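*Asks:* The structure's right below; bear with me while I get my questions together.
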Amino acid sequence: MRIYIRMLLFEIKNLTKEFKTGKKKTTVLKNISFNLPSNGLISIVGKSGCGKSTLLNLLMGIERKTSGSILFRGKDISRMSNRRFSKYRLTDISMIYQHYNLLSNLNVEQNIVLPLKMQGKSKNKRRKTLENLMNSLNISKLMKRNVNELSGGEKQRVAICRALITNPSVLLCDEPTGALDHKNSKLIMEELKKISKERLVILVSHNKEIVKNYSDRIIVLKDGEIKSDTGCEIDELIISKKKNIRYHNSWVDYFSLKLFIKNKRKNIISIISCAFGFASIFLCIGFKEGSKQSQNNVLNENLSLGTATISKTSYYELKNSPLKLKKNVRPDVLLIDEFLGDYNTVQIEPNISYFFTPYPTGEIAEKKFESFEMIPVLDDFFTENSKKLKIAGDISDFCNENVIVNQEFLDLINIKENDALNQEFFIQYSTSITLNTQDPEKPFIKDIFSYHKKLKICGIIKEFSFMNSPKVYYDFLSIKNELKQTKLENISEYKHKNISCIDYLNECDDDEPTTSYSYSLFLKSLYEKERYFSLIDELAQKECELQIESQAYEISKTYNQFISSFSDALIIFVVISFVGVNFILGMISLSNFLERKKDSAILSCLGSRNSSIKQLFINQNFIIILISYMISIGLAILLTQIINPIFSSKFGLMNIIDIPFASFLGVPYLLIFGLFAVAFICSLLFTLIPICIYKKTSLSNELRDE
């Protein structure tokens with residue numbers, strides 16, 4: 001069923017347009033009124049600056065009126081919704097621009113069919129319409145050419161073809177033959193005259209011959225007012241109502257890809273920058289996660305964890321000073337029992353450090369060495385924890401003369417692992433032991449205790465190397481039994497009974513140096529380490545009478561403080577990296593928009609919606625984020641595989657970087673999808689804010705921007 005209507009196409013009433021330059025106002029059109037029919041070729045003439053092009057821009061919606069109204073089919077175009085106004089440009093009106101306004105990143109065919117893509121026309125329909133129109137304008141040979149390769153005349157004919165491709169009701173022509181020779185000018189004007197039989201063609205031209213020969217009506221403007229309006233009668237056209245064409249957004253993806261390829265150099269640099277930014281974020285988060293595990297390793301991978309000393313500490317305040325004096329003595333066993341209560345996973349033993357010093361002098365192959373430490377361990381604890389740390393040897397041979405050494409000890413004596421096994425070395429030490437008899441005739445009894453002991457390396461372990469030192473682990477109970485068998489000759493003679501080193505330790509006063517002012521405390525099981533360290537913390541914080549000193553605890557505490565401080569610094573770095581990545585994306589988007597600001601204006605004039613133009617630049621960022629994000633994941637994994645072995649071999653930090661791709665904060669794949677989502681939302685804001693600001697600029701200014 002065909003519906004026919006009879007009506008004026010345009011009604012212009014009291015139309016005024018002013019331009020402001022600073023405080024100065026210039027009135028280009030002054031309260032003009034006229035009507036335009038639905039067909040015919042109507043020319044608008046006048047001197048430069050009289051308002052001809054401004055009038056076309058107002059009809060096209062490129063400029064906004066100051067006052068008055070422009071009615072199209074009875075509806076004020078200034079009151080149309082954004083969607084309706086986009087449809088107005090897409091289906092009802094087209095414009096042939098004086099400077100062509102072709103899209104440089106598309107070839108001729110792509111420029112012409114773009115409005116049909118916006119209308120959702122099928123490929124076959126686009127092809128058929130294009131071929132017919134290009135043949136009529138004699139530009140078929142230009143179809144695959146880039147618009148930058150065309151002459152001015154060729155560009156003009158392509159622009160005319162694009163304007164006609166949607167079969168609009170109104171065709172606005174701003175100097176359509178300005179760049180054409182006489183032959184092509186005649187060809188174009190005859191085509192415009194032909195199509196004006198079925199639609200309205202409004203022509204602005206300085207060519208008096210063209211205006212005279214082809215115009216049905218001539219409107220003369222002078223100083224913004226209508227000086228004359230003359231012409232022959234136009235047969236009133238009975239037109240059918242246009243079909244309701246729906247806007248399609250599929251062209252945006254196609255155009256986004258074209259823009260992305262056009263800006264490939266800049267985009268590649270952006271992708272690389274963002275990939276390293278995202279990778280650094282992954283690595284920082286991975287370090288924070290991996291360091292949690294390494295904090296356990298610093299304990300689990302150190303056999304000295306099982307050995308500590310416990311002493312009684314007294315504090316004395318100094319007069320007129322904030323400082324306090326600290327005095328340690330060996331505590332009473334009953335006091336230890338009182339504080340430890342039911343804590344039965346530790347074993348209290350005499351501290352034999354005075355007799356079997358932790359820092360003896362060693363000798364191997366007649367070469368002496370120092371700066372290593374002798375650490376006593378209980379066999380049960382040693383057996384439980386040493387097997388997983390073993391890198392060579394037979395740990396089951398651990399006994400009186402067989403010892404276990406760590407990697408740092410081998411580095412000290414400069415011997416390789418295979419050569420070190422079963423290697424014998426000697427330790428020696430000598431000290432004096434004095435008994436205060438309080439007998440005036442013989443107040444002091446002195447014994448000289450010394451040993452020159454042969455030890456054999458039966459096993460080598462790899463410990464957590466942070467702040468670790470060369471260590472030799474020996475069986476405490478074996479050495480204790482030896483000291484039980486070692487008689488102090490002079491003291492035994494004085495007391496008329498056998499006094500061994502251990503006997504002397506047990507009987508001497510608690511504040512004598514022989515006691516080392518402490519007992520040895522041995523942890524029986526690694527599973528109790530958390531409670532054990534909590535106990536040390538609790539005693540230290542309360543300044544309690546009892547104090548436990550553990551080398552492993554101090555190393556762990558120092559390491560944890562270091563990791564905590566470094567992790568806090570990394571959080572700042574992550575924030576800076578994240579802001580930096582989004583700043584790069586925002587600047588890319590702004591740069592793309594500024595470079596393509598004119599293109600966005602052209603797209604608006606072709607009928608694109610504002611949302612589609614925004615989506616166009618959002619897509620650019622999305623492609624960059626997606627590609628850089630995928631690269632960053634692979635890059636982060638690669639760097640993790642490079643960094644972890646280095647830290648493992650140099651510092652003993654196993655898996656110091658553990659990126660939680662699979663699960664983060666207990667949520668599966670939260671890191672991967674969460675970071676991408678946040679990055680995209682932030683980049684969206686960086687993209688939309690400048691676009692929204694610049695969209696306030698008039699389209700005519702953007703179209704004039706070269």
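Residue names in the structure tokens use chain letters A, B, ... in the order shown, residue numbers from 1 in each chain, and ligand numbers from 1 in the order shown.
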I need the strand (DSSP E or B) residues of region 322-526 of chain A per DSSP on the backbone, written as a ChimeraX atom specification.
*Replies:* /A:324-329,346-350,361-364,367-369,373-377,390-393,402-406,424-436,444-461,471-475,487,500,519-523
*Asks:* Can I get the selected residues back with C-alpha atoms, as a JSON list (two decimals), in the first residue's frame?
*Replies:*
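Printed below is out.json as written:
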[["chain", "number", "residue", "atom", "x", "y", "z"],
["A", 324, "LYS", "CA", 67.49, 0.57, 81.33],
["A", 325, "LEU", "CA", 70.17, -1.93, 82.23],
["A", 326, "LYS", "CA", 69.48, -5.51, 81.30],
["A", 327, "LYS", "CA", 70.93, -8.48, 83.19],
["A", 328, "ASN", "CA", 70.60, -12.12, 82.16],
["A", 329, "VAL", "CA", 71.03, -15.13, 84.43],
["A", 346, "VAL", "CA", 60.14, -28.15, 73.88],
["A", 347, "GLN", "CA", 62.98, -29.78, 75.77],
["A", 348, "ILE", "CA", 65.16, -27.95, 78.30],
["A", 349, "GLU", "CA", 68.86, -28.88, 78.43],
["A", 350, "PRO", "CA", 72.02, -27.37, 79.92],
["A", 361, "THR", "CA", 88.50, -22.59, 64.91],
["A", 362, "GLY", "CA", 88.37, -25.13, 62.09],
["A", 363, "GLU", "CA", 91.13, -26.77, 60.09],
["A", 364, "ILE", "CA", 91.00, -28.77, 56.87],
["A", 367, "LYS", "CA", 94.21, -24.68, 56.28],
["A", 368, "LYS", "CA", 92.51, -22.93, 59.14],
["A", 369, "PHE", "CA", 89.16, -21.19, 58.83],
["A", 373, "GLU", "CA", 78.83, -21.68, 63.69],
["A", 374, "MET", "CA", 78.33, -24.98, 65.49],
["A", 375, "ILE", "CA", 74.60, -25.55, 66.07],
["A", 376, "PRO", "CA", 73.34, -28.30, 68.41],
["A", 377, "VAL", "CA", 70.16, -30.13, 67.38],
["A", 390, "LYS", "CA", 69.25, -32.61, 51.89],
["A", 391, "ILE", "CA", 71.07, -32.10, 48.64],
["A", 392, "ALA", "CA", 73.81, -34.71, 49.14],
["A", 393, "GLY", "CA", 75.01, -37.40, 51.53],
["A", 402, "ASN", "CA", 79.40, -37.10, 61.85],
["A", 403, "VAL", "CA", 77.95, -33.69, 61.16],
["A", 404, "ILE", "CA", 75.69, -32.01, 58.65],
["A", 405, "VAL", "CA", 76.78, -28.76, 56.98],
["A", 406, "ASN", "CA", 74.89, -26.22, 54.94],
["A", 424, "GLU", "CA", 87.28, -34.77, 57.64],
["A", 425, "PHE", "CA", 88.01, -31.51, 59.39],
["A", 426, "PHE", "CA", 89.14, -30.58, 62.86],
["A", 427, "ILE", "CA", 87.82, -28.10, 65.38],
["A", 428, "GLN", "CA", 89.70, -26.92, 68.43],
["A", 429, "TYR", "CA", 88.91, -24.83, 71.45],
["A", 430, "SER", "CA", 90.35, -24.14, 74.88],
["A", 431, "THR", "CA", 88.99, -22.37, 77.96],
["A", 432, "SER", "CA", 89.61, -22.20, 81.66],
["A", 433, "ILE", "CA", 87.12, -23.16, 84.37],
["A", 434, "THR", "CA", 87.50, -21.55, 87.76],
["A", 435, "LEU", "CA", 85.83, -22.68, 90.99],
["A", 436, "ASN", "CA", 85.46, -20.03, 93.69],
["A", 444, "PHE", "CA", 90.31, -20.57, 93.39],
["A", 445, "ILE", "CA", 90.55, -23.95, 91.75],
["A", 446, "LYS", "CA", 91.26, -23.81, 88.04],
["A", 447, "ASP", "CA", 90.89, -26.43, 85.31],
["A", 448, "ILE", "CA", 91.83, -26.07, 81.68],
["A", 449, "PHE", "CA", 89.26, -27.53, 79.33],
["A", 450, "SER", "CA", 90.24, -28.05, 75.72],
["A", 451, "TYR", "CA", 89.38, -30.26, 72.85],
["A", 452, "HIS", "CA", 90.69, -31.05, 69.39],
["A", 453, "LYS", "CA", 87.87, -32.95, 67.73],
["A", 454, "LYS", "CA", 87.78, -34.68, 64.37],
["A", 455, "LEU", "CA", 84.48, -34.34, 62.51],
["A", 456, "LYS", "CA", 83.30, -35.86, 59.25],
["A", 457, "ILE", "CA", 80.75, -34.38, 56.84],
["A", 458, "CYS", "CA", 78.04, -36.99, 56.24],
["A", 459, "GLY", "CA", 75.43, -34.75, 54.63],
["A", 460, "ILE", "CA", 74.85, -31.38, 52.99],
["A", 461, "ILE", "CA", 71.64, -29.37, 53.24],
["A", 471, "LYS", "CA", 76.70, -23.71, 59.89],
["A", 472, "VAL", "CA", 77.74, -27.13, 61.15],
["A", 473, "TYR", "CA", 74.98, -29.13, 62.84],
["A", 474, "TYR", "CA", 75.97, -31.66, 65.47],
["A", 475, "ASP", "CA", 74.06, -34.08, 67.70],
["A", 487, "LYS", "CA", 86.36, -35.16, 84.20],
["A", 500, "SER", "CA", 82.27, -33.83, 84.93],
["A", 519, "TYR", "CA", 69.46, -23.04, 79.30],
["A", 520, "SER", "CA", 69.30, -24.54, 75.84],
["A", 521, "LEU", "CA", 65.77, -24.92, 74.55],
["A", 522, "PHE", "CA", 65.02, -27.42, 71.76],
["A", 523, "LEU", "CA", 61.84, -27.55, 69.68]]
*Asks:* Would you mind writing down, as a list in words, each residue of region 329-403 of chain A that DSSP on the backbone assigns to helix (DSSP H, G or I)?
*Replies:*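 DSSP-assigned helix (DSSP H, G or I) residues in region 329-403 of chain A: Val333, Leu334, Leu335, Ile336, Asp337, Glu338, Phe339, Leu340, Asp379, Asp380, Phe381, Phe382, Thr383, Glu384, Asn385, Ser386, Lys387, Lys388, Leu389, Ile395, Ser396 and Asp397 of chain A.
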*Asks:* Restricting the output to N, CA and C atoms, write the selected residues as a CSV table (one decimal), in the first residue's frame.
*Replies:*
chain,number,residue,atom,x,y,z
A,333,VAL,N,64.6,-23.8,87.0
A,333,VAL,CA,63.8,-24.7,86.2
A,333,VAL,C,62.3,-24.6,86.5
A,334,LEU,N,62.0,-24.4,87.8
A,334,LEU,CA,60.6,-24.3,88.2
A,334,LEU,C,60.0,-23.0,87.6
A,335,LEU,N,60.7,-22.0,87.5
A,335,LEU,CA,60.2,-20.8,86.8
A,335,LEU,C,59.9,-21.0,85.3
A,336,ILE,N,60.8,-21.8,84.7
A,336,ILE,CA,60.5,-22.2,83.3
A,336,ILE,C,59.2,-23.0,83.2
A,337,ASP,N,59.1,-24.0,84.1
A,337,ASP,CA,57.9,-24.8,84.0
A,337,ASP,C,56.6,-23.9,84.3
A,338,GLU,N,56.7,-22.9,85.1
A,338,GLU,CA,55.6,-22.1,85.4
A,338,GLU,C,55.2,-21.3,84.2
A,339,PHE,N,56.1,-20.8,83.4
A,339,PHE,CA,55.8,-20.0,82.2
A,339,PHE,C,55.4,-20.9,81.0
A,340,LEU,N,56.1,-22.0,80.9
A,340,LEU,CA,55.7,-22.8,79.7
A,340,LEU,C,54.5,-23.7,79.9
A,379,ASP,N,68.1,-35.1,67.8
A,379,ASP,CA,68.0,-36.1,66.7
A,379,ASP,C,66.6,-36.2,66.1
A,380,ASP,N,65.6,-36.1,67.0
A,380,ASP,CA,64.2,-36.3,66.5
A,380,ASP,C,63.8,-35.1,65.6
A,381,PHE,N,64.1,-33.9,66.0
A,381,PHE,CA,63.8,-32.7,65.2
A,381,PHE,C,64.6,-32.7,63.9
A,382,PHE,N,65.9,-33.1,64.1
A,382,PHE,CA,66.8,-33.1,62.9
A,382,PHE,C,66.2,-34.1,61.8
A,383,THR,N,65.9,-35.3,62.3
A,383,THR,CA,65.4,-36.3,61.4
A,383,THR,C,64.1,-35.9,60.6
A,384,GLU,N,63.3,-35.2,61.4
A,384,GLU,CA,62.0,-34.8,60.8
A,384,GLU,C,62.1,-33.8,59.7
A,385,ASN,N,63.1,-32.9,59.8
A,385,ASN,CA,63.2,-31.7,59.0
A,385,ASN,C,64.4,-31.7,58.0
A,386,SER,N,65.4,-32.5,58.2
A,386,SER,CA,66.6,-32.4,57.4
A,386,SER,C,66.5,-33.1,56.1
A,387,LYS,N,65.6,-34.1,56.0
A,387,LYS,CA,65.5,-34.9,54.8
A,387,LYS,C,65.1,-34.1,53.6
A,388,LYS,N,64.1,-33.2,53.8
A,388,LYS,CA,63.7,-32.4,52.7
A,388,LYS,C,64.7,-31.3,52.2
A,389,LEU,N,65.6,-31.0,53.1
A,389,LEU,CA,66.6,-30.0,52.8
A,389,LEU,C,67.9,-30.6,52.3
A,395,ILE,N,72.1,-38.7,55.6
A,395,ILE,CA,71.7,-38.1,56.8
A,395,ILE,C,71.6,-39.1,58.0
A,396,SER,N,71.3,-40.3,57.6
A,396,SER,CA,71.1,-41.4,58.6
A,396,SER,C,72.4,-41.6,59.4
A,397,ASP,N,73.5,-41.2,58.9
A,397,ASP,CA,74.8,-41.4,59.6
A,397,ASP,C,75.1,-40.4,60.6
*Asks:* For Thr313 (chain A), list every protein, DNA or RNA residue within 10 Å, evaluated using only C-alpha atoms, and leave out those in the same chain fewer than 2 positions away; present the list as number ranges by chain.
*Replies:* A: 310-311, 315, 326-331, 517-518, 543-548
*Asks:* Between CA of Lys24 (chain A) and CA of Ser78 (chain A), what distance in Å does the model show, to one decimal?
*Replies:*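 So the two atoms, CA of Lys24 (chain A) and CA of Ser78 (chain A), lie 24.9 Å apart.
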*Asks:* If we count only C-alpha atoms and set the cut-off at 8 Å, which residues sit around Ile691 (chain A), ignoring sequence neighbours fewer than 6 positions away in its own chain? Please answer as a ChimeraX atom specification.
*Replies:* /A:590,593,614
*Asks:* What's the separation between CA of Ala365 (chain A) and CA of Asp411 (chain A), in Å to one decimal place?
*Replies:*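 Straight-line distance from CA of Ala365 (chain A) to CA of Asp411 (chain A) works out to 15.7 Å.
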*Asks:* If you count only C-alpha atoms, which residues fall within 9 Å of region 276-280 of chain A, apart from same-chain ones fewer than 5 positions away, as JSON, numbers by chain?
*Replies:* {"A": [271, 285, 573, 574, 577, 578, 580, 581, 628, 629, 631, 632, 633, 634, 635, 636, 637, 639, 675]}
